[in-house]
Structure formats: structure tokens, C-alpha cells
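Enquirer: I am sharing work.cif, which consists of mmCIF, C-alpha atoms and all ligand atoms:
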data_input
loop_
_atom_site.label_atom_id
_atom_site.label_comp_id
_atom_site.auth_asym_id
_atom_site.auth_seq_id
_atom_site.Cartn_x
_atom_site.Cartn_y
_atom_site.Cartn_z
CA MET G 1476 -3.95 86.14 82.97
CA ILE G 1477 -0.93 87.92 81.49
CA THR G 1478 0.44 91.14 82.94
CA THR G 1479 3.58 92.93 81.94
CA SER G 1480 4.73 95.91 83.99
CA GLY G 1481 7.32 98.35 82.75
CA LEU G 1482 8.68 95.70 80.40
CA THR G 1483 11.88 96.91 78.78
CA LYS G 1484 14.22 95.10 76.42
CA VAL G 1485 17.47 96.65 75.26
CA TYR G 1486 19.62 94.65 72.82
CA GLN G 1487 23.34 95.26 72.43
CA SER G 1488 23.98 95.26 68.73
CA ARG G 1489 27.42 95.99 67.23
CA GLY G 1490 28.44 98.16 70.11
CA ARG G 1491 25.21 100.16 70.27
CA GLU G 1492 21.99 99.76 72.20
CA VAL G 1493 18.64 99.04 70.52
CA THR G 1494 15.59 99.60 72.71
CA ALA G 1495 13.02 97.10 71.42
CA LEU G 1496 10.60 97.45 74.37
CA ASP G 1497 10.32 100.71 76.24
CA GLY G 1498 8.18 100.20 79.36
CA VAL G 1499 5.31 98.03 78.10
CA ASP G 1500 2.32 97.59 80.42
CA LEU G 1501 -0.03 94.95 79.08
CA HIS G 1502 -3.03 93.42 80.76
CA VAL G 1503 -4.61 90.37 79.13
CA ARG G 1504 -7.69 89.07 80.89
CA GLU G 1505 -8.45 85.38 81.31
CA GLY G 1506 -10.28 83.86 78.35
CA GLU G 1507 -9.78 86.69 75.89
CA VAL G 1508 -8.09 86.84 72.52
CA TYR G 1509 -5.72 89.79 72.68
CA GLY G 1510 -3.99 91.12 69.59
CA VAL G 1511 -0.85 93.22 69.55
CA ILE G 1512 -0.50 95.01 66.25
CA GLY G 1513 2.30 97.14 64.91
CA GLN G 1514 4.59 97.65 61.99
CA SER G 1515 7.85 95.83 61.44
CA GLY G 1516 10.34 96.79 64.13
CA ALA G 1517 7.68 97.99 66.59
CA GLY G 1518 8.82 95.37 69.11
CA LYS G 1519 6.06 92.73 68.80
CA SER G 1520 8.36 89.70 68.57
CA SER G 1521 10.46 90.98 71.44
CA LEU G 1522 7.31 91.35 73.50
CA ILE G 1523 6.05 87.83 72.88
CA ARG G 1524 9.51 86.34 73.45
CA CYS G 1525 9.78 88.25 76.73
CA VAL G 1526 6.33 87.05 77.83
CA ASN G 1527 7.48 83.43 77.88
CA LEU G 1528 11.00 84.41 78.92
CA LEU G 1529 12.61 83.01 75.77
CA GLU G 1530 14.20 86.44 75.93
CA ARG G 1531 15.05 87.85 79.36
CA PRO G 1532 13.68 91.39 79.75
CA THR G 1533 16.21 94.08 80.64
CA SER G 1534 13.79 95.30 83.30
CA GLY G 1535 10.14 95.00 84.28
CA THR G 1536 8.06 91.97 85.20
CA VAL G 1537 5.95 89.34 83.43
CA THR G 1538 3.22 87.58 85.36
CA VAL G 1539 1.34 84.66 83.78
CA ASP G 1540 -1.54 83.05 85.67
CA GLY G 1541 -0.40 84.70 88.89
CA GLN G 1542 3.22 83.58 88.63
CA ASP G 1543 6.00 86.12 88.22
CA LEU G 1544 8.11 84.48 85.50
CA THR G 1545 10.82 87.12 85.74
CA ALA G 1546 11.55 85.95 89.29
CA LEU G 1547 12.43 82.46 88.00
CA ALA G 1548 16.03 81.73 87.12
CA GLY G 1549 17.70 81.21 83.76
CA ARG G 1550 17.03 82.19 80.19
CA GLY G 1551 16.44 80.54 76.80
CA ARG G 1552 17.58 76.91 76.76
CA ARG G 1553 19.44 77.41 80.04
CA ALA G 1554 16.22 78.12 81.94
CA GLY G 1555 15.95 76.64 85.42
CA LYS G 1556 13.56 73.79 86.19
CA GLU G 1557 10.81 76.03 87.58
CA LEU G 1558 10.91 78.34 84.59
CA ARG G 1559 10.82 75.36 82.19
CA ARG G 1560 7.82 73.99 84.04
CA ALA G 1561 6.03 77.36 83.95
CA ARG G 1562 6.84 77.70 80.27
CA SER G 1563 5.42 74.27 79.47
CA ARG G 1564 2.04 75.71 80.48
CA ILE G 1565 2.36 78.43 77.87
CA GLY G 1566 1.77 77.18 74.33
CA MET G 1567 3.55 78.89 71.48
CA VAL G 1568 2.66 78.94 67.78
CA PHE G 1569 5.16 80.21 65.20
CA GLN G 1570 4.88 81.89 61.82
CA HIS G 1571 6.92 79.19 60.08
CA PHE G 1572 5.45 76.31 62.10
CA ASN G 1573 8.85 75.02 63.35
CA LEU G 1574 7.97 71.34 62.78
CA LEU G 1575 10.58 68.60 62.57
CA ASP G 1576 10.47 67.26 59.01
CA SER G 1577 11.96 63.89 59.96
CA ARG G 1578 9.16 63.15 62.42
CA THR G 1579 5.58 62.21 61.63
CA VAL G 1580 2.78 64.59 62.51
CA ARG G 1581 1.95 62.52 65.59
CA ASP G 1582 5.58 62.45 66.70
CA ASN G 1583 5.80 66.22 66.32
CA VAL G 1584 2.83 66.66 68.65
CA GLU G 1585 4.31 64.10 71.06
CA LEU G 1586 7.63 65.95 71.31
CA PRO G 1587 6.73 68.33 74.18
CA LEU G 1588 5.13 65.38 76.01
CA GLU G 1589 8.36 63.41 75.65
CA ILE G 1590 10.25 66.34 77.16
CA LEU G 1591 7.74 66.42 80.02
CA GLY G 1592 8.53 62.73 80.62
CA ILE G 1593 5.04 61.39 79.79
CA SER G 1594 5.03 57.64 79.05
CA GLY G 1595 4.65 56.28 75.50
CA GLN G 1596 1.00 55.18 75.55
CA ALA G 1597 -0.32 58.27 77.33
CA ARG G 1598 1.68 60.41 74.94
CA THR G 1599 0.22 58.78 71.86
CA ARG G 1600 -3.32 58.99 73.23
CA LYS G 1601 -2.91 62.68 73.98
CA ALA G 1602 -1.35 63.44 70.58
CA LEU G 1603 -4.20 61.69 68.75
CA GLU G 1604 -6.78 63.58 70.84
CA LEU G 1605 -5.13 66.87 69.97
CA LEU G 1606 -4.90 66.04 66.29
CA ASP G 1607 -8.59 65.26 66.36
CA LEU G 1608 -9.25 68.62 68.06
CA VAL G 1609 -7.51 70.52 65.26
CA GLY G 1610 -9.20 68.45 62.53
CA LEU G 1611 -6.19 66.37 61.49
CA ALA G 1612 -6.98 62.94 62.92
CA ASP G 1613 -6.32 61.35 59.51
CA LYS G 1614 -2.84 62.88 59.13
CA ALA G 1615 -1.18 61.37 62.19
CA LYS G 1616 1.18 59.20 60.12
CA SER G 1617 1.98 61.83 57.49
CA TYR G 1618 5.17 63.87 57.47
CA PRO G 1619 5.14 67.70 57.55
CA GLY G 1620 6.42 67.77 53.96
CA GLN G 1621 3.17 66.13 52.85
CA LEU G 1622 0.96 68.83 54.39
CA SER G 1623 -0.33 72.21 53.23
CA GLY G 1624 0.66 75.37 55.11
CA GLY G 1625 -2.67 75.47 56.94
CA GLN G 1626 -2.36 71.82 57.95
CA LYS G 1627 1.19 72.43 59.20
CA GLN G 1628 -0.07 75.27 61.34
CA ARG G 1629 -2.79 73.01 62.75
CA VAL G 1630 -0.04 70.58 63.78
CA GLY G 1631 1.82 73.53 65.33
CA ILE G 1632 -1.29 74.41 67.30
CA ALA G 1633 -1.85 70.79 68.42
CA ARG G 1634 1.78 70.67 69.61
CA ALA G 1635 1.34 73.97 71.46
CA LEU G 1636 -1.64 72.48 73.31
CA ALA G 1637 0.22 69.36 74.44
CA GLY G 1638 1.06 70.70 77.90
CA ASP G 1639 -2.59 71.71 78.56
CA PRO G 1640 -1.66 75.39 78.58
CA LYS G 1641 -3.94 78.11 79.87
CA VAL G 1642 -2.22 80.58 77.60
CA LEU G 1643 -1.40 80.38 73.92
CA LEU G 1644 1.08 82.81 72.38
CA SER G 1645 0.90 83.22 68.64
CA ASP G 1646 3.76 84.85 66.75
CA GLU G 1647 2.33 85.91 63.35
CA ALA G 1648 0.75 82.43 63.03
CA THR G 1649 -1.12 83.31 59.86
CA SER G 1650 1.38 85.57 58.10
CA ALA G 1651 2.66 82.79 55.84
CA LEU G 1652 -0.85 81.64 54.86
CA ASP G 1653 -3.29 82.66 52.12
CA PRO G 1654 -6.44 84.60 53.11
CA GLU G 1655 -8.78 81.58 53.08
CA THR G 1656 -6.41 79.44 55.21
CA THR G 1657 -5.80 82.43 57.49
CA ARG G 1658 -9.53 82.60 58.17
CA SER G 1659 -9.75 78.90 59.00
CA ILE G 1660 -6.76 79.09 61.38
CA LEU G 1661 -8.21 82.18 63.09
CA HIS G 1662 -11.54 80.38 63.50
CA LEU G 1663 -9.71 77.41 64.99
CA LEU G 1664 -7.98 79.73 67.49
CA ARG G 1665 -11.34 81.30 68.34
CA ASP G 1666 -12.95 77.85 68.81
CA LEU G 1667 -10.10 76.70 71.07
CA ASN G 1668 -10.39 79.95 73.01
CA GLN G 1669 -14.07 79.30 73.60
CA GLU G 1670 -14.05 75.52 74.08
CA LEU G 1671 -10.96 75.30 76.28
CA GLY G 1672 -11.20 78.75 77.88
CA LEU G 1673 -7.74 79.38 76.46
CA THR G 1674 -6.32 82.89 76.74
CA VAL G 1675 -4.68 83.84 73.45
CA LEU G 1676 -2.07 86.57 73.00
CA LEU G 1677 -1.26 87.05 69.36
CA ILE G 1678 0.99 89.41 67.51
CA THR G 1679 0.27 90.45 63.97
CA HIS G 1680 0.82 93.21 61.47
CA GLU G 1681 -2.56 92.56 59.83
CA MET G 1682 -5.56 94.59 60.95
CA ASP G 1683 -7.87 91.91 59.51
CA VAL G 1684 -6.59 89.45 62.12
CA VAL G 1685 -7.58 91.84 64.91
CA LYS G 1686 -10.96 92.42 63.27
CA THR G 1687 -11.71 88.72 62.83
CA VAL G 1688 -10.69 87.26 66.14
CA CYS G 1689 -9.65 89.72 68.86
CA ASP G 1690 -11.62 90.84 71.90
CA SER G 1691 -8.95 93.38 72.82
CA ALA G 1692 -6.02 94.94 71.06
CA ALA G 1693 -2.95 97.05 71.61
CA LEU G 1694 -1.11 99.18 69.09
CA MET G 1695 2.69 99.19 69.38
CA LYS G 1696 5.04 101.82 68.03
CA ASN G 1697 8.74 102.16 68.72
CA GLY G 1698 8.65 99.68 71.59
CA ARG G 1699 5.71 101.33 73.33
CA VAL G 1700 2.01 100.52 73.60
CA VAL G 1701 0.34 103.69 72.34
CA GLU G 1702 -3.29 102.49 72.52
CA SER G 1703 -4.99 99.54 74.15
CA GLY G 1704 -8.44 98.38 75.19
CA THR G 1705 -11.31 96.16 74.17
CA VAL G 1706 -12.07 96.45 70.46
CA GLY G 1707 -15.52 97.85 71.29
CA ALA G 1708 -14.08 100.53 73.59
CA LEU G 1709 -11.37 101.43 71.09
CA LEU G 1710 -13.96 101.90 68.39
CA ALA G 1711 -15.80 104.22 70.72
CA THR G 1712 -12.76 106.35 71.42
CA PRO G 1713 -12.59 109.64 69.58
CA GLY G 1714 -9.32 109.88 67.69
CA SER G 1715 -8.36 106.23 68.20
CA GLU G 1716 -5.84 105.25 65.55
CA LEU G 1717 -6.74 101.57 65.87
CA ALA G 1718 -10.42 102.34 65.40
CA HIS G 1719 -9.60 104.38 62.33
CA GLU G 1720 -7.54 101.50 60.91
CA LEU G 1721 -10.28 98.98 61.71
CA PHE G 1722 -12.94 101.18 60.17
CA PRO G 1723 -11.50 103.72 57.84
CA VAL G 1724 -14.26 106.11 56.85
CA GLY G 1725 -13.42 108.77 54.35
CA GLY G 1726 -15.16 111.81 52.92
CA THR G 1727 -14.65 115.55 53.26
CA ALA G 1728 -17.12 118.37 53.83
CA SER G 1729 -18.89 119.66 50.73
CA GLY G 1730 -17.90 123.21 51.66
CA PRO G 1731 -17.40 125.61 54.56
CA GLY G 1732 -20.13 126.21 57.14
CA SER G 1733 -20.93 122.59 57.90
CA THR G 1734 -20.03 120.12 60.65
CA VAL G 1735 -18.58 116.70 59.87
CA VAL G 1736 -19.14 113.99 62.46
CA ASP G 1737 -17.92 110.37 62.64
CA VAL G 1738 -20.62 108.24 64.22
CA THR G 1739 -19.85 104.78 65.60
CA PHE G 1740 -22.66 102.24 66.03
CA HIS G 1741 -22.29 99.03 67.96
CA GLY G 1742 -24.39 96.54 69.83
CA GLU G 1743 -28.11 97.18 69.50
CA THR G 1744 -27.57 100.77 68.26
CA ALA G 1745 -26.37 99.27 64.96
CA ALA G 1746 -29.91 98.07 64.26
CA ARG G 1747 -31.81 101.31 65.07
CA PRO G 1748 -32.75 103.96 62.46
CA VAL G 1749 -30.98 106.71 64.40
CA ILE G 1750 -29.92 108.84 61.43
CA SER G 1751 -33.47 109.12 60.04
CA GLN G 1752 -34.74 109.92 63.57
CA LEU G 1753 -32.11 112.65 63.83
CA SER G 1754 -33.13 114.12 60.50
CA ARG G 1755 -36.87 114.10 61.37
CA THR G 1756 -36.49 115.32 64.97
CA TYR G 1757 -34.37 118.37 64.07
CA ASN G 1758 -35.60 118.82 60.51
CA ILE G 1759 -32.08 118.80 59.10
CA ASP G 1760 -30.68 117.39 55.88
CA ILE G 1761 -27.89 114.95 56.55
CA SER G 1762 -25.32 113.94 53.95
CA ILE G 1763 -23.56 110.62 54.34
CA LEU G 1764 -19.93 111.13 53.28
CA GLY G 1765 -18.70 107.61 53.98
CA ALA G 1766 -19.69 104.44 55.83
CA ALA G 1767 -18.43 100.98 56.79
CA MET G 1768 -20.29 98.13 58.48
CA ASP G 1769 -18.62 94.94 59.64
CA THR G 1770 -18.65 92.19 62.24
CA VAL G 1771 -15.93 92.40 64.86
CA GLY G 1772 -15.58 89.56 67.35
CA GLY G 1773 -19.06 88.38 66.34
CA LYS G 1774 -20.69 91.79 66.96
CA GLN G 1775 -22.03 94.13 64.33
CA ILE G 1776 -20.20 97.44 64.32
CA GLY G 1777 -20.32 100.34 61.95
CA ARG G 1778 -18.99 103.80 61.36
CA MET G 1779 -20.47 106.58 59.33
CA ARG G 1780 -19.15 110.02 58.45
CA ILE G 1781 -22.01 112.48 58.18
CA GLU G 1782 -22.25 116.16 57.35
CA LEU G 1783 -24.69 118.45 59.14
CA PRO G 1784 -25.46 121.93 57.83
CA GLY G 1785 -24.23 124.76 60.07
CA SER G 1786 -21.39 125.28 62.51
CA PHE G 1787 -20.62 123.07 65.51
CA GLU G 1788 -22.41 125.54 67.82
CA GLU G 1789 -25.58 125.14 65.73
CA ASN G 1790 -25.30 121.35 65.94
CA VAL G 1791 -24.61 120.88 69.63
CA VAL G 1792 -28.15 119.61 70.25
CA PRO G 1793 -28.32 117.10 67.35
CA ILE G 1794 -24.86 115.78 68.29
CA GLY G 1795 -26.08 115.48 71.89
CA PHE G 1796 -29.09 113.51 70.55
CA LEU G 1797 -26.75 111.00 68.86
CA ARG G 1798 -24.81 110.53 72.09
CA GLU G 1799 -28.02 110.12 74.09
CA GLN G 1800 -28.92 107.27 71.73
CA GLY G 1801 -25.73 105.49 72.83
CA LEU G 1802 -23.73 106.32 69.72
CA GLN G 1803 -20.25 107.75 69.71
CA ALA G 1804 -20.03 111.01 67.82
CA GLU G 1805 -16.64 112.49 67.06
CA ILE G 1806 -16.43 115.88 65.42
CA VAL G 1807 -14.01 115.72 62.51
CA ASP G 1808 -14.53 119.13 60.98
CA GLY G 1809 -16.14 122.35 62.16
CA ALA G 1810 -15.28 121.68 65.82
CA PRO G 1811 -14.34 124.35 68.33
CA ALA G 1812 -11.17 123.96 70.43
CA ALA G 1813 -10.89 120.39 71.72
CA THR G 1814 -11.49 121.39 75.34
CA GLU G 1815 -14.99 122.62 74.50
CA ILE G 1816 -16.10 119.28 73.02
CA PRO G 1817 -17.93 117.11 75.53
CA SER G 1818 -15.61 114.15 75.97
CA GLN G 1819 -16.88 110.59 76.13
CA THR G 1820 -13.59 108.79 76.32
CA PRO G 1821 -14.23 105.57 78.30
CA ALA G 1822 -11.97 105.07 81.27
CA ALA G 1823 -11.17 101.57 80.01
CA ILE G 1824 -9.03 103.04 77.28
CA THR G 1825 -5.46 103.94 77.79
CA LYS G 1826 -4.08 106.27 75.22
CA GLU G 1827 -0.63 107.54 75.93
CA VAL G 1828 0.94 110.37 74.14
CA ALA G 1829 3.88 108.87 72.29
CA LYS G 1830 7.15 110.09 73.65
N1 LIG T 1901 18.48 89.93 68.84
C1 LIG T 1901 18.45 91.23 68.52
N2 LIG T 1901 19.58 91.96 68.55
C2 LIG T 1901 19.58 93.27 68.24
N3 LIG T 1901 18.45 93.97 67.91
C3 LIG T 1901 17.31 93.28 67.85
C4 LIG T 1901 17.23 91.89 68.15
N4 LIG T 1901 15.93 91.48 68.02
C5 LIG T 1901 15.25 92.57 67.65
N5 LIG T 1901 16.05 93.67 67.55
C6 LIG T 1901 15.63 95.04 67.21
O1 LIG T 1901 14.59 95.42 68.09
C7 LIG T 1901 13.59 96.15 67.41
C8 LIG T 1901 12.24 95.45 67.56
O2 LIG T 1901 12.30 94.21 66.85
P1 LIG T 1901 11.12 93.13 66.89
O3 LIG T 1901 11.56 91.95 66.08
O4 LIG T 1901 10.72 92.89 68.30
O5 LIG T 1901 9.95 93.93 66.14
P2 LIG T 1901 8.65 93.37 65.40
O6 LIG T 1901 7.58 94.36 65.65
O7 LIG T 1901 8.39 91.97 65.82
O8 LIG T 1901 9.10 93.39 63.88
P3 LIG T 1901 8.85 92.26 62.76
O9 LIG T 1901 7.37 92.24 62.52
O10 LIG T 1901 9.64 92.77 61.59
O11 LIG T 1901 9.40 90.98 63.32
C9 LIG T 1901 14.07 96.30 65.98
O12 LIG T 1901 14.73 97.52 65.85
C10 LIG T 1901 15.05 95.15 65.83
O13 LIG T 1901 16.04 95.46 64.86
#
Starting from the coordinates I provided, produce the structure as C-alpha cells.
Ligand SMILES: Nc1ncnc2c1ncn2[C@@H]1O[C@H](COP(=O)(O)OP(=O)(O)OP(=O)(O)O)[C@@H](O)[C@H]1O

Expert:
Amino acid sequence: MITTSGLTKVYQSRGREVTALDGVDLHVREGEVYGVIGQSGAGKSSLIRCVNLLERPTSGTVTVDGQDLTALAGRGRRAGKELRRARSRIGMVFQHFNLLDSRTVRDNVELPLEILGISGQARTRKALELLDLVGLADKAKSYPGQLSGGQKQRVGIARALAGDPKVLLSDEATSALDPETTRSILHLLRDLNQELGLTVLLITHEMDVVKTVCDSAALMKNGRVVESGTVGALLATPGSELAHELFPVGGTASGPGSTVVDVTFHGETAARPVISQLSRTYNIDISILGAAMDTVGGKQIGRMRIELPGSFEENVVPIGFLREQGLQAEIVDGAPAATEIPSQTPAAITKEVAK
């Protein structure tokens, strides 16, 4: 639904060049919630602004729903008619809501419909429908100043849906909200994604947002995507930084001469007593050094760091047993050279070596 190829953005700032995006390839499938995470300055805002051509990329292409937006003329407010039309089918939600304080809630939602030239009655009907959809039917006549932050963001979401978009872009939509309100807004985005089949591309610096709502995620650093994939596949990727951030498991070996393994459970493997089977089958004592269980995108996922007595060579068979059971097993300590470890990296994952 959204593809960027070789997307590059270089700003000219006080006589020097700042590369905010450095060849970003992103592939967001129809109907998924895709999170782009990264620290401040990683290039997230530049990415989202380039996706709807609010910012013109220096090079590369952006395709949304099969249409190459970069081929359409104009930029920002001076965008040509075709680009404006294409953009009206991309909803955008902002961190600070960007509502007009002098207009009622209903009038704020009607604004994009006014710009599209929709007549008064149809506009009002649509705005009231959308307010109902986001749970604010009773606030139509209120002004933004009379609403809580969460309610303001619901108005922002209703307004973003006015043009019946297939794609919703969210620029840190929950960063200004408290944890409870954040959860309710994320659930609303998830419900809209499922009920309307809306594709959602969101940027965030909070791992919890990715954990709560995203099907897929990408990690950005210095203008580049350094990891991307479905959350399930990322969790199954040995050495994935995103997986480690989503499920940090700690614990160090009790001493030399043992093998430490990070085991990832998901899907039906999360419900099977694999560790006790491993212990009984090979008659080995297993120490659990750390563990975390959680629900990601509605699926139970867990990670456990375990310690097996003996060197890696002595544990090749038990580790093979774990992998045969459909679990991911990544050797953290006691491993031979990386090339000797049987690799299970799924092809779906792209992990580039940062420049
Ligand atoms: N209009 C601009 N002119 C010059 N440099 C800019 C401009 N916008 C962004 N940058 C620079 O580009 C880089 C990426 O910024 P960007 O805002 O895209 O990152 P971000 O990941 O969204 O960060 P944050 O979460 O702090 O908003 C930064 O070094 C920033 O200073």
C-alpha cells in the first residue's frame, strides 16, 4: 500500500547539508499497522512528511495505493491539483492535534470536506458519522478548548478520516498523552484498522506503541532503516535490536563452562511445556536466567534466557531440539564462531549493516 524506494532527503541548513533520509526502502502492506521507531533526529518526521509529499524528497520515489506521488507536481501548499487529490486520500494525525480553536468540533471535522467542495448537508452528515465512529457524538458542538487531550486526538482522527482515506499517517499521535489515554487512542487506531481496512503508518519513539498496536515495524537510525519486518519475524531474528528492545531479557551465566541461550516462544509454542520436555529428554538441569511474556498484536509472545551446563558443542543436540519444536534459539554465551551456528534468520527480515 505504501512503498518508498531509495528515499533521500537532504536539507540545506545554514550553508550546510543535513541528510535526514539516506535511501529508505519501506514496504507497508495493505491493512497493516506499521510502526517506524527511532530516536530523536533519526529521520522519522522527515519520512512521514515525504510519504505524503508535504516535504519533497531529494531523490527516490513514494508510491501510495499504486500511485507514484513523486511523479505529481508541486510541493507543500503549492501542490498541483492531482497531488492535492492524492493527498486527500491520505489521512494525517499530528502529535499536537492541530485543531482550529475558533471552530467547533464538528466544524473542525468538516474542514477537509469543505476544501473538497462537499455541500453543507452532506458535510455535516459525514462529520457526525465520523464523530460517532471515534466515540465523540456528544461533543459535536463543543470547542477544542473544552476537550481533554485524548478527546482532541479523537477529533484529529475523525478529521483525518473525512476524505475516506485508505492510508492513515500518524506522527507521534500519542506522545502528548498520558499512558491510559495513549492506550485508548492506540485501540481506536487498531479498531479503525480492522473495521475500515485502513492501512496505518505511524512513527513513534515509544517501544510500547509498537508492542501494543503494530503488525510490522522498522527501526531507523541516522536516516536509514536498519531493521524491518513483521513483529513476529523480528522477534524470531537472532540479534535483532528491535526484538531485544521489545523483550529485554537479562541474566548472565553463573560461571564458565555453560551455554546461555535466548529462546523465543510465539504462537502455539508459547503454550507448550517445551523447557520441561527438554530437561527430561536430555536429563539436563536448566537454569532460567531471565524471562518476559507479553501480548504483541494480540498474540502471546515470550522470551526466556536459559543456561545449559556444558559448552556449545555439548549442547548442539538440545538446542536442535528447541528449534525442532518451532522455537527460536539464539546462543548468547558459549557459542563458537558465528559461521558455525546454524542460522534460522527468516528471509522476510531485512537487516542491513549500518553504514
Ligand atoms: N527543515 C529542516 N531543515 C534542516 N534540517 C532539518 C529540517 N527538518 C529536519 N532536519 C534535520 O534532519 C534530521 C532528522 O530530523 P527528523 O525531524 O526527521 O527526525 P525525527 O526522528 O522525527 O526526530 P524527532 O523525533 O526529534 O522529531 C535532524 O538532524 C534534523 O535536525

Enquirer: Find, counting only C-alpha atoms, the residue in G:Ser1715, G:Ser1515, G:Asn1583, G:Thr1545 that gets nearest to Arg1531 in chain G.

Expert: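 Distance minimum relative to Arg1531 in chain G lands on G:Thr1545.
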
Enquirer: Identify, counting all atoms listed in the file, the protein, DNA and RNA residues located within 7 Å of ligand LIG 1901 (chain T), and give them as a PyMOL selection string.

Expert: chain G and resi 1486-1488+1493-1495+1513-1522+1680+1698

Enquirer: Set the distance at 9 Å and use all atoms listed in the file: which residues neighbour Pro1793 in chain G once local chain neighbours fewer than 6 positions away are removed? I'd like the list as a list in words.

Expert: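 Here the qualifying residues turn out to be Leu1753, Ser1754, Thr1756 and Tyr1757 of chain G.
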
Enquirer: For Thr1744 in chain G, list every protein, DNA or RNA residue within 8 Å, evaluated using only C-alpha atoms, and leave out those in the same chain fewer than 4 positions away; present the list as a PyMOL selection string.

Expert: chain G and resi 1740+1749+1800-1802

Enquirer: Write out as number ranges by chain the residues lying within 10 Å of Thr1679 in chain G, counting all atoms listed in the file and excluding same-chain residues fewer than 5 positions away.

Expert: G: 1510-1515, 1519-1520, 1570, 1645-1650, 1684-1685

Enquirer: Which of these residues is nearest to Ala1692 in chain G, using all atoms listed in the file: G:Lys1627, G:Lys1616, G:Lys1641, G:His1502?

Expert: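 The answer is G:His1502, which sits nearest to Ala1692 in chain G.
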
Enquirer: Expressed in Å to a single decimal, how great is the separation between CA of Ile1763 in chain G and CA of Met1779 in chain G?

Expert: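 About the pair CA of Ile1763 in chain G and CA of Met1779 in chain G: they are 7.1 Å apart.
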
Enquirer: In Å to one decimal, how far is CA of Gly1624 in chain G from CA of Gly1506 in chain G?

Expert: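 Here the two named atoms are 27.1 Å from each other.
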
Enquirer: Could you check the closest approach to Ser1691 in chain G for each of G:Gln1596, G:Thr1579, G:Thr1705, G:Asn1668 and tell me which residue wins, using all atoms listed in the file?

Expert: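 Closest to Ser1691 in chain G of all the choices is G:Thr1705.
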
Enquirer: Considering all atoms listed in the file, state which residue in the set G:Met1476, G:Met1695, G:Val1736, G:Val1508 is at the smallest distance from Leu1667 in chain G.

Expert: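 Closest candidate: G:Val1508.
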
Enquirer: Taking only C-alpha atoms into account, which of G:Pro1731, G:Gly1785, G:Gly1707, G:Gly1566 comes nearest Gln1803 in chain G?

Expert: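 Once distances to Gln1803 in chain G are computed over only C-alpha atoms, the minimum belongs to G:Gly1707.
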
Enquirer: Identify which of the residues G:Ala1693, G:Gly1732, G:Glu1492, G:Leu1611 lies closest to Glu1716 in chain G, counting all atoms listed in the file when measuring atom-to-atom distances.

Expert: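 Looking only at the distances to Glu1716 in chain G, the closest residue turns out to be G:Ala1693.
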